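Chemist: Quick one, entry-v4.txt (compact mmCIF, C-alpha atoms and all ligand atoms):
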```txt
# COMPACT_ATOMS: atom_id res chain seq x y z
CA MET A 23 102.55 67.67 150.16
CA ILE A 24 102.04 64.98 152.76
CA GLU A 25 105.21 63.85 154.43
CA LYS A 26 106.24 60.23 154.32
CA ASN A 27 105.29 58.26 157.38
CA HIS A 28 102.75 60.85 158.39
CA ILE A 29 100.29 58.09 159.10
CA VAL A 30 102.74 55.71 160.60
CA GLY A 31 104.75 57.89 162.90
CA LYS A 32 107.42 56.00 164.80
CA GLU A 33 105.42 52.93 165.74
CA ALA A 34 102.99 51.11 163.52
CA GLN A 35 99.56 52.58 164.16
CA LYS A 36 96.64 50.36 164.93
CA ALA A 37 93.62 50.35 162.67
CA TYR A 38 90.17 48.90 162.15
CA LEU A 39 89.11 48.04 158.62
CA ILE A 40 85.54 48.69 157.57
CA GLY A 41 83.53 47.36 154.64
CA VAL A 42 79.96 46.85 153.55
CA ALA A 43 78.22 43.68 152.32
CA ASN A 44 75.03 43.59 150.22
CA ARG A 45 73.49 41.97 147.16
CA ASN A 46 76.22 43.26 144.86
CA THR A 47 78.98 42.42 147.29
CA PRO A 48 78.02 39.30 149.25
CA TYR A 49 79.63 38.80 152.64
CA GLU A 50 82.28 36.37 151.37
CA LYS A 51 83.36 38.84 148.67
CA ALA A 52 83.42 41.72 151.15
CA LYS A 53 85.65 39.58 153.35
CA GLU A 54 88.08 38.94 150.50
CA TYR A 55 88.18 42.64 149.74
CA ILE A 56 88.92 43.37 153.40
CA GLU A 57 91.78 40.88 153.31
CA GLU A 58 93.28 42.75 150.40
CA LEU A 59 92.78 46.00 152.30
CA ALA A 60 94.65 44.46 155.26
CA PHE A 61 97.55 43.64 152.94
CA LEU A 62 97.53 47.24 151.72
CA ALA A 63 97.55 48.45 155.33
CA GLU A 64 100.42 46.11 156.16
CA THR A 65 102.37 47.45 153.18
CA ALA A 66 101.92 50.90 154.71
CA ASP A 67 103.04 49.60 158.12
CA ILE A 68 99.62 49.92 159.68
CA ARG A 69 98.52 47.10 161.98
CA THR A 70 95.03 45.73 161.51
CA ILE A 71 93.43 44.95 164.86
CA ARG A 72 90.03 43.85 163.58
CA SER A 73 87.63 44.40 160.75
CA TYR A 74 83.94 45.24 160.55
CA ILE A 75 81.67 44.29 157.69
CA GLN A 76 78.19 45.72 157.94
CA ASN A 77 75.23 44.42 155.95
CA LEU A 78 73.76 47.43 154.20
CA ASP A 79 71.74 47.63 150.99
CA ARG A 80 73.73 50.65 150.09
CA PRO A 81 76.29 52.67 152.03
CA ASN A 82 74.85 55.41 154.22
CA ARG A 83 75.10 58.74 152.40
CA ALA A 84 76.18 60.64 155.49
CA THR A 85 78.39 58.20 157.37
CA TYR A 86 78.99 55.23 155.02
CA ILE A 87 77.99 52.72 157.72
CA GLY A 88 75.19 53.24 160.25
CA SER A 89 75.88 55.85 162.90
CA GLY A 90 75.02 53.36 165.68
CA LYS A 91 77.80 51.12 164.37
CA LEU A 92 80.16 54.08 164.30
CA ILE A 93 79.55 54.76 167.97
CA GLU A 94 80.18 51.09 168.79
CA ILE A 95 83.43 51.27 166.82
CA ARG A 96 84.51 54.47 168.56
CA THR A 97 84.04 52.88 171.99
CA LYS A 98 85.97 49.78 171.00
CA ALA A 99 88.76 51.90 169.50
CA GLU A 100 89.18 53.72 172.80
CA GLU A 101 89.49 50.38 174.61
CA GLU A 102 91.99 48.94 172.16
CA GLY A 103 94.10 52.03 171.52
CA VAL A 104 93.14 52.17 167.85
CA SER A 105 93.65 55.50 166.14
CA VAL A 106 92.87 54.89 162.47
CA LEU A 107 89.77 53.71 160.59
CA ILE A 108 90.26 52.48 157.05
CA PHE A 109 87.25 52.14 154.73
CA ASP A 110 87.34 49.77 151.78
CA ASP A 111 85.86 52.32 149.41
CA GLU A 112 86.30 55.90 148.36
CA LEU A 113 84.38 58.05 150.84
CA SER A 114 82.72 61.27 149.77
CA PRO A 115 84.18 64.42 151.34
CA MET A 116 81.01 64.70 153.43
CA GLN A 117 81.20 61.11 154.69
CA LEU A 118 84.82 61.61 155.60
CA ARG A 119 84.02 64.73 157.56
CA ASN A 120 81.06 63.20 159.38
CA ILE A 121 82.89 60.01 160.35
CA GLU A 122 85.77 62.03 161.70
CA LYS A 123 83.41 64.14 163.74
CA GLU A 124 81.53 61.14 165.15
CA THR A 125 84.59 59.11 166.05
CA ASN A 126 87.40 61.58 166.61
CA LEU A 127 89.72 59.14 164.83
CA ALA A 128 91.89 59.52 161.74
CA VAL A 129 89.86 58.28 158.79
CA LEU A 130 91.39 56.89 155.62
CA ASP A 131 89.60 55.50 152.64
CA ARG A 132 90.93 52.96 150.17
CA SER A 133 92.11 55.68 147.80
CA ALA A 134 94.01 57.59 150.48
CA LEU A 135 95.73 54.38 151.60
CA ILE A 136 96.81 53.49 148.06
CA LEU A 137 98.03 57.05 147.53
CA HIS A 138 100.02 56.78 150.75
CA ILE A 139 101.69 53.54 149.59
CA PHE A 140 102.53 55.10 146.24
CA ASP A 141 104.02 58.01 148.15
CA LEU A 142 106.18 55.69 150.26
CA HIS A 143 107.42 53.80 147.20
CA ALA A 144 107.91 56.60 144.67
CA GLN A 145 111.56 56.87 143.79
CA THR A 146 112.16 58.74 140.58
CA ALA A 147 111.36 62.40 140.07
CA GLN A 148 108.57 61.43 137.71
CA ALA A 149 106.89 59.02 140.12
CA ARG A 150 107.12 61.59 142.91
CA LEU A 151 105.51 64.26 140.78
CA GLN A 152 102.76 61.89 139.69
CA VAL A 153 101.98 60.81 143.24
CA GLU A 154 102.04 64.34 144.55
CA LEU A 155 99.69 65.47 141.81
CA ALA A 156 97.28 62.63 142.57
CA GLN A 157 97.42 63.39 146.30
CA ASN A 158 96.70 67.06 145.79
CA GLN A 159 93.79 66.31 143.48
CA TYR A 160 92.39 63.87 146.01
CA MET A 161 92.88 66.35 148.81
CA LEU A 162 91.36 69.43 147.21
CA PRO A 163 87.68 68.63 147.77
CA ARG A 164 88.46 67.06 151.14
CA LEU A 165 90.39 69.80 152.85
CA THR A 166 89.05 69.36 156.33
CA ARG A 167 90.17 68.44 159.74
CA LEU A 168 91.67 65.13 158.52
CA TRP A 169 94.46 66.99 156.84
CA THR A 170 95.08 69.28 159.76
CA HIS A 171 95.11 66.15 161.90
CA LEU A 172 97.80 64.65 159.67
CA GLU A 173 99.61 67.96 159.72
CA ARG A 174 99.76 67.74 163.50
CA GLN A 175 100.99 64.16 163.34
CA ARG A 176 103.89 65.05 161.16
CA GLY A 177 105.02 67.42 163.86
CA GLY A 178 103.43 70.65 162.69
CA THR A 179 103.25 73.52 165.10
CA GLY A 180 99.59 72.97 165.72
CA THR A 181 98.76 76.54 164.86
CA ARG A 182 96.32 75.24 162.29
CA GLY A 183 94.49 73.18 164.89
CA GLY A 184 91.10 74.74 164.49
CA ALA A 185 91.40 75.57 160.85
CA GLY A 186 88.57 77.90 160.02
CA GLU A 187 86.92 78.38 156.66
CA LYS A 188 89.30 81.19 155.78
CA GLU A 189 92.39 79.07 156.38
CA ILE A 190 90.88 76.21 154.42
CA GLU A 191 90.22 78.60 151.53
CA THR A 192 93.87 79.70 151.62
CA ASP A 193 94.98 76.07 151.66
CA ARG A 194 92.76 75.38 148.67
CA ARG A 195 94.40 78.16 146.74
CA ILE A 196 97.87 76.86 147.61
CA ILE A 197 96.89 73.38 146.47
CA ARG A 198 95.43 74.65 143.19
CA ASP A 199 98.66 76.52 142.44
CA ARG A 200 100.68 73.45 143.30
CA ILE A 201 98.53 71.27 141.01
CA ALA A 202 99.11 73.67 138.12
CA LEU A 203 102.86 73.64 138.74
CA LEU A 204 103.05 69.84 139.02
CA LYS A 205 101.11 69.42 135.80
CA LYS A 206 103.55 71.69 134.01
CA GLU A 207 106.57 69.80 135.34
CA LEU A 208 105.03 66.48 134.38
CA GLU A 209 104.28 67.66 130.88
CA LYS A 210 107.94 68.52 130.48
CA ILE A 211 109.00 65.01 131.54
CA THR A 212 106.32 63.43 129.37
CA ARG A 213 107.62 65.30 126.31
CA GLN A 214 111.19 64.16 127.04
CA ASP A 215 109.93 60.59 127.41
CA GLU A 216 108.12 60.78 124.10
CA GLU A 217 111.29 61.99 122.40
CA ARG A 218 113.26 59.18 123.98
CA ARG A 219 110.74 56.60 122.87
CA LYS A 220 110.79 57.95 119.33
CA ASN A 221 114.54 57.44 119.20
CA ARG A 222 114.37 53.86 120.31
CA GLY A 223 114.54 52.50 116.79
CA GLU A 224 112.65 49.70 115.21
CA PHE A 225 112.06 47.14 117.88
CA VAL A 226 109.10 45.05 118.83
CA ARG A 227 107.96 46.09 122.29
CA ILE A 228 106.66 43.83 125.01
CA ALA A 229 104.96 45.04 128.19
CA LEU A 230 104.60 42.99 131.37
CA ILE A 231 101.21 43.90 132.79
CA GLY A 232 99.24 42.50 135.69
CA TYR A 233 97.67 42.85 139.10
CA THR A 234 100.04 44.03 141.81
CA ASN A 235 102.31 41.43 143.47
CA VAL A 236 101.85 38.75 140.81
CA GLY A 237 105.56 38.50 139.97
CA LYS A 238 106.07 40.87 137.02
CA SER A 239 109.41 42.16 138.30
CA THR A 240 110.56 38.65 139.23
CA LEU A 241 109.81 37.52 135.69
CA MET A 242 111.60 40.54 134.22
CA ASN A 243 114.63 39.59 136.31
CA ALA A 244 114.41 35.91 135.37
CA LEU A 245 114.42 36.90 131.75
CA THR A 246 116.88 39.75 131.64
CA LYS A 247 119.04 39.26 134.72
CA SER A 248 118.32 42.90 135.43
CA ASP A 249 117.83 44.12 138.94
CA VAL A 250 114.27 45.23 139.31
CA LEU A 251 112.87 45.62 142.81
CA VAL A 252 111.02 42.50 143.92
CA GLU A 253 109.06 42.54 147.16
CA ASN A 254 106.16 40.82 148.76
CA LYS A 255 104.45 44.16 149.00
CA LEU A 256 101.75 45.79 146.99
CA PHE A 257 103.03 48.32 144.49
CA ALA A 258 106.73 47.61 144.85
CA THR A 259 107.27 48.90 141.32
CA LEU A 260 106.09 52.38 140.43
CA ASP A 261 108.39 53.28 137.58
CA THR A 262 108.62 51.69 134.20
CA THR A 263 111.86 49.83 133.52
CA VAL A 264 112.66 49.16 129.89
CA ARG A 265 115.35 46.68 128.85
CA LYS A 266 116.62 45.80 125.42
CA MET A 267 117.11 42.08 124.96
CA VAL A 268 118.33 39.78 122.25
CA ILE A 269 117.37 36.10 122.46
CA ASP A 270 118.27 33.78 119.57
CA PHE A 271 119.21 36.76 117.42
CA THR A 272 115.83 38.25 118.12
CA PRO A 273 115.98 41.76 119.55
CA PHE A 274 113.08 43.39 121.41
CA LEU A 275 112.32 45.83 124.20
CA ILE A 276 110.61 44.61 127.35
CA SER A 277 109.10 46.79 130.06
CA ASP A 278 108.01 46.19 133.64
CA THR A 279 105.63 48.67 135.18
CA VAL A 280 103.22 49.58 137.97
CA GLY A 281 100.67 46.90 138.88
CA PHE A 282 96.90 47.27 138.95
CA ILE A 283 94.42 46.73 141.76
CA ARG A 284 90.66 46.87 142.07
CA LYS A 285 89.33 50.38 142.64
CA LEU A 286 92.59 52.04 141.71
CA PRO A 287 91.87 55.71 142.48
CA HIS A 288 91.09 57.39 139.18
CA HIS A 289 93.38 60.34 139.99
CA LEU A 290 96.24 57.89 140.18
CA VAL A 291 95.41 56.23 136.89
CA GLU A 292 95.22 59.66 135.31
CA CYS A 293 98.53 60.76 136.84
CA PHE A 294 100.34 57.54 135.91
CA LYS A 295 99.37 57.75 132.26
CA SER A 296 102.86 58.78 131.22
CA THR A 297 104.35 55.84 133.15
CA LEU A 298 101.92 53.57 131.37
CA ALA A 299 102.69 55.07 127.96
CA GLU A 300 105.23 52.32 127.39
CA ALA A 301 102.46 49.72 127.77
CA LYS A 302 100.18 51.72 125.53
CA GLU A 303 102.74 51.74 122.75
CA SER A 304 103.69 48.10 123.16
CA ASP A 305 103.00 45.50 120.49
CA ILE A 306 102.61 42.52 122.79
CA ILE A 307 101.16 42.35 126.27
CA LEU A 308 102.24 39.61 128.62
CA HIS A 309 99.47 39.57 131.19
CA VAL A 310 101.03 38.04 134.30
CA VAL A 311 98.65 36.26 136.71
CA ASP A 312 99.31 34.86 140.19
CA VAL A 313 97.62 31.44 140.11
CA SER A 314 98.31 30.90 143.81
CA HIS A 315 95.96 33.76 144.67
CA PRO A 316 92.42 32.59 145.50
CA GLN A 317 90.91 35.51 143.54
CA PHE A 318 93.09 35.28 140.47
CA LEU A 319 90.09 35.15 138.11
CA ASP A 320 88.74 38.41 139.56
CA GLN A 321 92.21 39.89 139.22
CA ILE A 322 92.35 38.98 135.53
CA LYS A 323 89.07 40.83 135.05
CA VAL A 324 90.30 43.92 136.94
CA VAL A 325 93.39 44.06 134.75
CA GLN A 326 91.38 43.66 131.55
CA ASP A 327 88.95 46.39 132.64
CA THR A 328 91.82 48.73 133.59
CA LEU A 329 93.46 48.17 130.20
CA LYS A 330 90.16 49.09 128.57
CA ASP A 331 89.88 52.26 130.70
CA LEU A 332 93.39 53.20 129.65
CA LYS A 333 92.45 52.53 126.03
CA ILE A 334 95.23 49.94 125.82
CA GLU A 335 93.37 47.73 123.38
CA ASN A 336 93.81 45.48 120.38
CA LYS A 337 97.21 44.22 121.43
CA ARG A 338 98.46 40.71 121.11
CA GLU A 339 97.91 39.44 124.65
CA ILE A 340 99.34 36.29 126.17
CA ILE A 341 98.38 35.19 129.66
CA ILE A 342 101.30 34.07 131.79
CA PHE A 343 100.12 31.99 134.73
CA ASN A 344 102.86 32.51 137.28
CA LYS A 345 103.62 30.90 140.69
CA ILE A 346 102.66 27.39 139.58
CA ASP A 347 105.19 26.15 142.14
CA ALA A 348 102.59 27.05 144.78
CA LEU A 349 100.04 24.62 143.33
CA SER A 350 99.85 20.85 143.78
CA ALA A 351 100.31 18.73 140.65
CA ASP A 352 96.56 18.04 140.63
CA GLU A 353 95.57 21.65 140.97
CA ARG A 354 97.95 22.56 138.24
CA GLU A 355 96.60 19.99 135.85
CA THR A 356 92.99 20.94 136.55
CA LEU A 357 93.79 24.58 135.88
CA GLU A 358 95.70 23.89 132.69
CA THR A 359 93.01 21.64 131.29
CA ALA A 360 90.18 23.94 132.29
CA TRP A 361 91.81 27.08 130.95
CA LEU A 362 93.18 25.71 127.73
CA SER A 363 89.91 24.03 126.81
CA LYS A 364 87.71 27.02 127.64
CA GLU A 365 89.64 30.04 126.46
CA ASP A 366 91.20 30.43 123.08
CA ALA A 367 93.59 33.11 124.37
CA PRO A 368 97.16 31.80 124.37
CA ALA A 369 98.50 31.02 127.82
CA LEU A 370 101.63 29.70 129.45
CA PHE A 371 102.23 28.22 132.91
CA ILE A 372 105.46 29.12 134.69
CA SER A 373 107.19 29.85 137.96
CA ALA A 374 109.38 32.92 137.68
CA LEU A 375 110.79 32.31 141.15
CA LYS A 376 111.66 28.63 140.75
CA ARG A 377 112.49 29.14 137.09
CA GLU A 378 110.03 26.47 135.98
CA ASN A 379 109.28 26.57 132.27
CA ILE A 380 111.37 29.72 131.77
CA GLU A 381 112.87 28.04 128.70
CA GLY A 382 109.37 27.53 127.30
CA PHE A 383 108.62 31.13 128.13
CA ARG A 384 111.71 32.37 126.29
CA ASN A 385 110.81 30.30 123.23
CA MET A 386 107.28 31.65 123.25
CA VAL A 387 108.62 35.22 123.51
CA VAL A 388 111.02 34.66 120.59
CA ASP A 389 108.32 33.15 118.35
CA THR A 390 105.87 35.92 119.15
CA VAL A 391 108.45 38.68 118.63
CA ARG A 392 109.57 37.16 115.32
CA ALA A 393 106.02 37.01 114.01
CA LYS A 394 105.36 40.59 115.10
CA HIS A 395 108.67 41.80 113.72
CA ALA A 396 107.92 40.40 110.26
CA GLU A 397 104.55 42.14 110.33
CA LYS A 398 105.78 45.47 111.68
CA PHE A 399 109.13 45.87 109.94
CA PRO A 400 108.85 43.77 106.77
CA ASN A 401 111.97 45.31 105.26
CA GLN A 402 114.25 44.80 108.22
CA LYS A 403 115.84 41.38 108.58
CA LEU A 404 116.38 39.96 112.06
CA GLU A 405 119.67 38.38 110.92
CA LEU A 406 121.12 41.87 111.13
CA TYR A 407 121.24 41.26 114.84
CA SER A 408 123.21 38.06 114.69
N1 LIG A 501 105.89 31.19 144.95
C1 LIG A 501 106.22 32.10 144.04
N2 LIG A 501 106.40 33.38 144.38
C2 LIG A 501 106.72 34.27 143.41
C3 LIG A 501 106.90 33.88 142.05
N3 LIG A 501 107.19 34.98 141.33
C4 LIG A 501 107.23 36.01 142.21
N4 LIG A 501 106.95 35.60 143.47
C5 LIG A 501 106.91 36.40 144.71
O1 LIG A 501 105.80 37.30 144.64
C6 LIG A 501 106.11 38.53 145.29
C7 LIG A 501 105.90 39.69 144.35
O2 LIG A 501 106.82 39.65 143.30
P1 LIG A 501 107.16 40.91 142.38
O3 LIG A 501 108.00 40.41 141.25
O4 LIG A 501 107.64 42.04 143.20
O5 LIG A 501 105.69 41.23 141.85
P2 LIG A 501 105.21 42.47 140.94
O6 LIG A 501 104.11 41.93 140.07
O7 LIG A 501 106.38 43.10 140.26
O8 LIG A 501 104.58 43.42 142.06
P3 LIG A 501 104.37 45.05 142.08
O9 LIG A 501 105.54 45.68 141.45
O10 LIG A 501 104.24 45.31 143.54
O11 LIG A 501 103.09 45.29 141.34
C8 LIG A 501 107.56 38.40 145.74
O12 LIG A 501 107.55 37.99 147.09
C9 LIG A 501 108.12 37.31 144.85
O13 LIG A 501 109.21 36.59 145.42
C10 LIG A 501 106.72 32.49 141.73
O14 LIG A 501 106.87 32.04 140.58
N5 LIG A 501 106.38 31.65 142.76
MG MG A 502 107.11 44.98 140.40
```
Would you give me this structure, written as structure tokens?
Modeler:
Amino acid sequence: MIEKNHIVGKEAQKAYLIGVANRNTPYEKAKEYIEELAFLAETADIRTIRSYIQNLDRPNRATYIGSGKLIEIRTKAEEEGVSVLIFDDELSPMQLRNIEKETNLAVLDRSALILHIFDLHAQTAQARLQVELAQNQYMLPRLTRLWTHLERQRGGTGTRGGAGEKEIETDRRIIRDRIALLKKELEKITRQDEERRKNRGEFVRIALIGYTNVGKSTLMNALTKSDVLVENKLFATLDTTVRKMVIDFTPFLISDTVGFIRKLPHHLVECFKSTLAEAKESDIILHVVDVSHPQFLDQIKVVQDTLKDLKIENKREIIIFNKIDALSADERETLETAWLSKEDAPALFISALKRENIEGFRNMVVDTVRAKHAEKFPNQKLELYS
């Protein structure tokens, strides 16, 4: 529905990022969140010029931040040639409309930005359908000037410039029809996927799961020598890749899939359920963590909560602390001691990039698969695969 690069155009557009701090989200936290938002913007080729964090007990119902602040921002944006405002939260349709009206700027919220990145990165037919469905669902209650603004940016004729209620109603109908069609197409693909998974035979299945950009694809490559897209970008991987592997006569299937992030738009989670089906049906979850990230503990929690939301529960989970090459020897030791003494969950410390402890990782995988195999397929001997 929305063309690629509609936000970006030919040159990177300049943006301000906007967040709110309060008792639940102290200033330092809000700042970290804004940094992540800046990384998301960068991934979408949008240049962050500055960010605003306003102290507010709760976001303003009408305009998210105070309207005085909005006016200040509008003036500054004119001075600095900024054309986009990005809010670190999902705005209500009314807030979106009001902010647009007050500032005359393109307004994106966190969800719209993530949807845009998914749109830029979607490669397979399935991922495209899923993203388009999520975008349409997001758009439906928000059909306002924002979308006509984007329409103009992508080189539309401009005839819809002052879209009246009647045109918006027509657009709504078109979008509803499109949603129905996309759902039907996706169901077809989902059924085919299910069939394919059924015919996979009796293998233990491992899923690499984790926050976005932690190194899941790098690890998949280190293990399987496959060629999965690795990038220092958020959401580089949107499709699930499944590989069959045999290590030490031990066969298993391993999958790499889309990463998680805090406040993942719920439409997206819903639409990516079929992509995540592989993880849902897995026997073992390798939860990959980026220890070089200052908020890695928060990220672990986000991933665990998302797994719960997706009802991916009661799996054997092993935490893989990745990127240990980025820590000093001291930091590494402190982390290992602290984690291993506090948590009884099994964990392993590696560097997928520098191939540190990959041998240990492979051994752990083999042992875990063997134990699971004996439990799941008691009548099928692994030696068959020698
Ligand atoms: N220093 C360091 N960097 C790593 C390591 N593993 C991966 N990276 C880097 O981290 C970035 C992200 O790696 P990916 O493998 O694409 O991460 P991902 O988890 O698959 O990310 P998404 O698919 O976007 O969710 C890349 O720039 C990698 O080179 C590591 O062990 N050490
Ligand atoms: Mg990846």
Chemist: Report the closest atom pair, with its distance in Å rounded to one decimal, for each residue of chain A that has an atom no farther than 6 Å from ligand MG 502 (chain A); count all atoms listed in the file, sort by chain and then rising residue number, and write it as JSON lines.
Modeler:
```
{"residue": "A:Lys238", "atom": "CA", "partner": "A:MG502", "partner_atom": "MG", "distance": 5.4}
{"residue": "A:Ser239", "atom": "CA", "partner": "A:MG502", "partner_atom": "MG", "distance": 4.2}
{"residue": "A:Val252", "atom": "CA", "partner": "A:MG502", "partner_atom": "MG", "distance": 5.8}
{"residue": "A:Ala258", "atom": "CA", "partner": "A:MG502", "partner_atom": "MG", "distance": 5.2}
{"residue": "A:Thr259", "atom": "CA", "partner": "A:MG502", "partner_atom": "MG", "distance": 4.0}
```
Chemist: Return as a tab-separated table the residues of chain A lying at most 10 Å from ligand LIG 501 (chain A), together with the closest atom-to-atom pair for each and the distance in Å to one decimal, counting all atoms listed in the file, with rows in chain order and ascending residue number.
Modeler:
```
residue	atom	partner	partner_atom	distance
A:His143	CA	A:LIG501	O10	9.8
A:Leu230	CA	A:LIG501	O6	8.8
A:Ile231	CA	A:LIG501	O6	8.1
A:Gly232	CA	A:LIG501	O6	6.6
A:Tyr233	CA	A:LIG501	O11	6.4
A:Thr234	CA	A:LIG501	O11	3.3
A:Asn235	CA	A:LIG501	O8	3.3
A:Val236	CA	A:LIG501	O6	4.0
A:Gly237	CA	A:LIG501	O5	3.3
A:Lys238	CA	A:LIG501	O6	3.8
A:Ser239	CA	A:LIG501	O3	3.7
A:Thr240	CA	A:LIG501	O3	3.7
A:Leu241	CA	A:LIG501	O3	6.5
A:Met242	CA	A:LIG501	O3	7.9
A:Asn243	CA	A:LIG501	O3	8.3
A:Ala244	CA	A:LIG501	N3	9.4
A:Val250	CA	A:LIG501	O3	8.1
A:Leu251	CA	A:LIG501	O4	6.3
A:Val252	CA	A:LIG501	O4	3.5
A:Glu253	CA	A:LIG501	O4	4.2
A:Asn254	CA	A:LIG501	O12	3.6
A:Lys255	CA	A:LIG501	O10	5.6
A:Leu256	CA	A:LIG501	O10	4.3
A:Phe257	CA	A:LIG501	O10	3.4
A:Ala258	CA	A:LIG501	O10	3.6
A:Thr259	CA	A:LIG501	O9	3.7
A:Leu260	CA	A:LIG501	O9	6.8
A:Asp261	CA	A:LIG501	O9	9.0
A:Thr262	CA	A:LIG501	O9	9.9
A:Asp278	CA	A:LIG501	O7	7.5
A:Thr279	CA	A:LIG501	O9	6.9
A:Val280	CA	A:LIG501	O11	5.5
A:Gly281	CA	A:LIG501	O11	3.8
A:Phe282	CA	A:LIG501	O11	6.9
A:Ile283	CA	A:LIG501	O11	8.8
A:Val310	CA	A:LIG501	O6	7.6
A:Val311	CA	A:LIG501	O6	8.6
A:Asp312	CA	A:LIG501	C3	7.9
A:Val313	CA	A:LIG501	N5	9.2
A:Ser314	CA	A:LIG501	N1	7.7
A:Phe343	CA	A:LIG501	O14	8.9
A:Asn344	CA	A:LIG501	O14	5.2
A:Lys345	CA	A:LIG501	O14	3.4
A:Ile346	CA	A:LIG501	O14	6.4
A:Asp347	CA	A:LIG501	N5	5.7
A:Ala348	CA	A:LIG501	N1	5.3
A:Leu349	CA	A:LIG501	N1	8.9
A:Phe371	CA	A:LIG501	O14	9.7
A:Ile372	CA	A:LIG501	O14	6.7
A:Ser373	CA	A:LIG501	O14	3.4
A:Ala374	CA	A:LIG501	O14	3.9
A:Leu375	CA	A:LIG501	O14	4.0
A:Lys376	CA	A:LIG501	O14	5.9
A:Arg377	CA	A:LIG501	O14	7.2
A:Glu378	CA	A:LIG501	O14	7.9
```
Chemist: Would you compute the box with edges along x, y and z of the file around stretch 307-326 of chain A, including every atom the file lists for it and 3 Å extra on each side, and give its centre and edge lengths in Å to one decimal, as JSON?
Modeler:
```
{"center_x": 95.5, "center_y": 37.5, "center_z": 135.9, "size_x": 19.5, "size_y": 19.2, "size_z": 25.2}
```
Chemist: Interatomic distance between atom CA of A:Asp111 and atom CA of A:Ser133?
Modeler: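 About the pair atom CA of A:Asp111 and atom CA of A:Ser133: they are 7.3 Å apart.
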Chemist: List every protein, DNA or RNA residue that has an atom no more than 12 Å from (80.4, 35.2, 154.3) in the file's coordinate frame, counting all atoms listed in the file, and report them as a ChimeraX atom specification.
Modeler: /A:42-44,47-56,75-77
Chemist: Of the candidates A:Lys188, A:Arg119, A:Lys210, A:Arg198, which one gets nearest to A:Leu151 if we count all atoms listed in the file?
Modeler: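 So, comparing all the options, the nearest one is A:Lys210.
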Chemist: Tell me, as number ranges by chain, which residues lie within 9 Å of stretch 389-396 of chain A, counting all atoms listed in the file; anything in the same chain fewer than 2 positions away does not count.
Modeler: A: 224-228, 272-274, 305-306, 384-387, 398-404
Chemist: Output the selection as an mmCIF file, keeping the file's coordinate frame - C-alpha atoms for each residue.
Modeler:
```cif
data_model
loop_
_atom_site.group_PDB
_atom_site.id
_atom_site.type_symbol
_atom_site.label_atom_id
_atom_site.label_comp_id
_atom_site.auth_asym_id
_atom_site.auth_seq_id
_atom_site.Cartn_x
_atom_site.Cartn_y
_atom_site.Cartn_z
ATOM 1 C CA GLU A 224 112.650 49.700 115.210
ATOM 2 C CA PHE A 225 112.060 47.140 117.880
ATOM 3 C CA VAL A 226 109.100 45.050 118.830
ATOM 4 C CA ARG A 227 107.960 46.090 122.290
ATOM 5 C CA ILE A 228 106.660 43.830 125.010
ATOM 6 C CA THR A 272 115.830 38.250 118.120
ATOM 7 C CA PRO A 273 115.980 41.760 119.550
ATOM 8 C CA PHE A 274 113.080 43.390 121.410
ATOM 9 C CA ASP A 305 103.000 45.500 120.490
ATOM 10 C CA ILE A 306 102.610 42.520 122.790
ATOM 11 C CA ARG A 384 111.710 32.370 126.290
ATOM 12 C CA ASN A 385 110.810 30.300 123.230
ATOM 13 C CA MET A 386 107.280 31.650 123.250
ATOM 14 C CA VAL A 387 108.620 35.220 123.510
ATOM 15 C CA LYS A 398 105.780 45.470 111.680
ATOM 16 C CA PHE A 399 109.130 45.870 109.940
ATOM 17 C CA PRO A 400 108.850 43.770 106.770
ATOM 18 C CA ASN A 401 111.970 45.310 105.260
ATOM 19 C CA GLN A 402 114.250 44.800 108.220
ATOM 20 C CA LYS A 403 115.840 41.380 108.580
ATOM 21 C CA LEU A 404 116.380 39.960 112.060
#
```
Chemist: How far is it from atom CA of A:Phe294 to atom CA of A:Arg213, in Å with one decimal?
Modeler: 14.3 Å
Chemist: Using only C-alpha atoms, which residue out of A:Ile190, A:Leu62, A:Ala149, A:Ile40 lies closest to A:Ile121?
Modeler: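 Residue with the minimum atom-to-atom distance to A:Ile121: A:Ile40.
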Chemist: Under the rule that all atoms listed in the file are counted, which of A:Val264, A:Leu135, A:Ala156, A:Leu298 is the nearest residue to A:Arg218?
Modeler: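 Comparing A:Val264, A:Leu135, A:Ala156, A:Leu298 against A:Arg218, the winner is A:Val264.
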Chemist: Ranking A:Pro163, A:Pro368, A:Pro316, A:Pro287 by minimum distance to A:Ile136 and counting only C-alpha atoms, which one comes first?
Modeler: A:Pro287
Chemist: Provide the atom CA of A:Val153 to atom CA of A:Ala299 distance in Å, to one decimal place.
Modeler: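 Spanning atom CA of A:Val153 to atom CA of A:Ala299 is a straight-line distance of 16.3 Å.
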Chemist: Name the closest residue to A:Ser304 among the candidates A:Ser248, A:Asn379, A:Asn336, A:Gln326; distances are taken between atoms, counting all atoms listed in the file.
Modeler: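 Selected residue with least distance to A:Ser304: A:Asn336.
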Chemist: My list of candidates is A:Ala367, A:Ile340, A:Ile139, A:Leu78. Which is closest to A:Glu64 when distances are computed with all atoms listed in the file?
Modeler: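 Checking each candidate against A:Glu64, we get A:Ile139 as the closest.
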Chemist: Fewer than 6 positions away in the same chain doesn't count, so skip those; otherwise give me all residues within 10 Å of A:Pro115, counting only C-alpha atoms, as a PyMOL selection string.
Modeler: chain A and resi 84+160-166
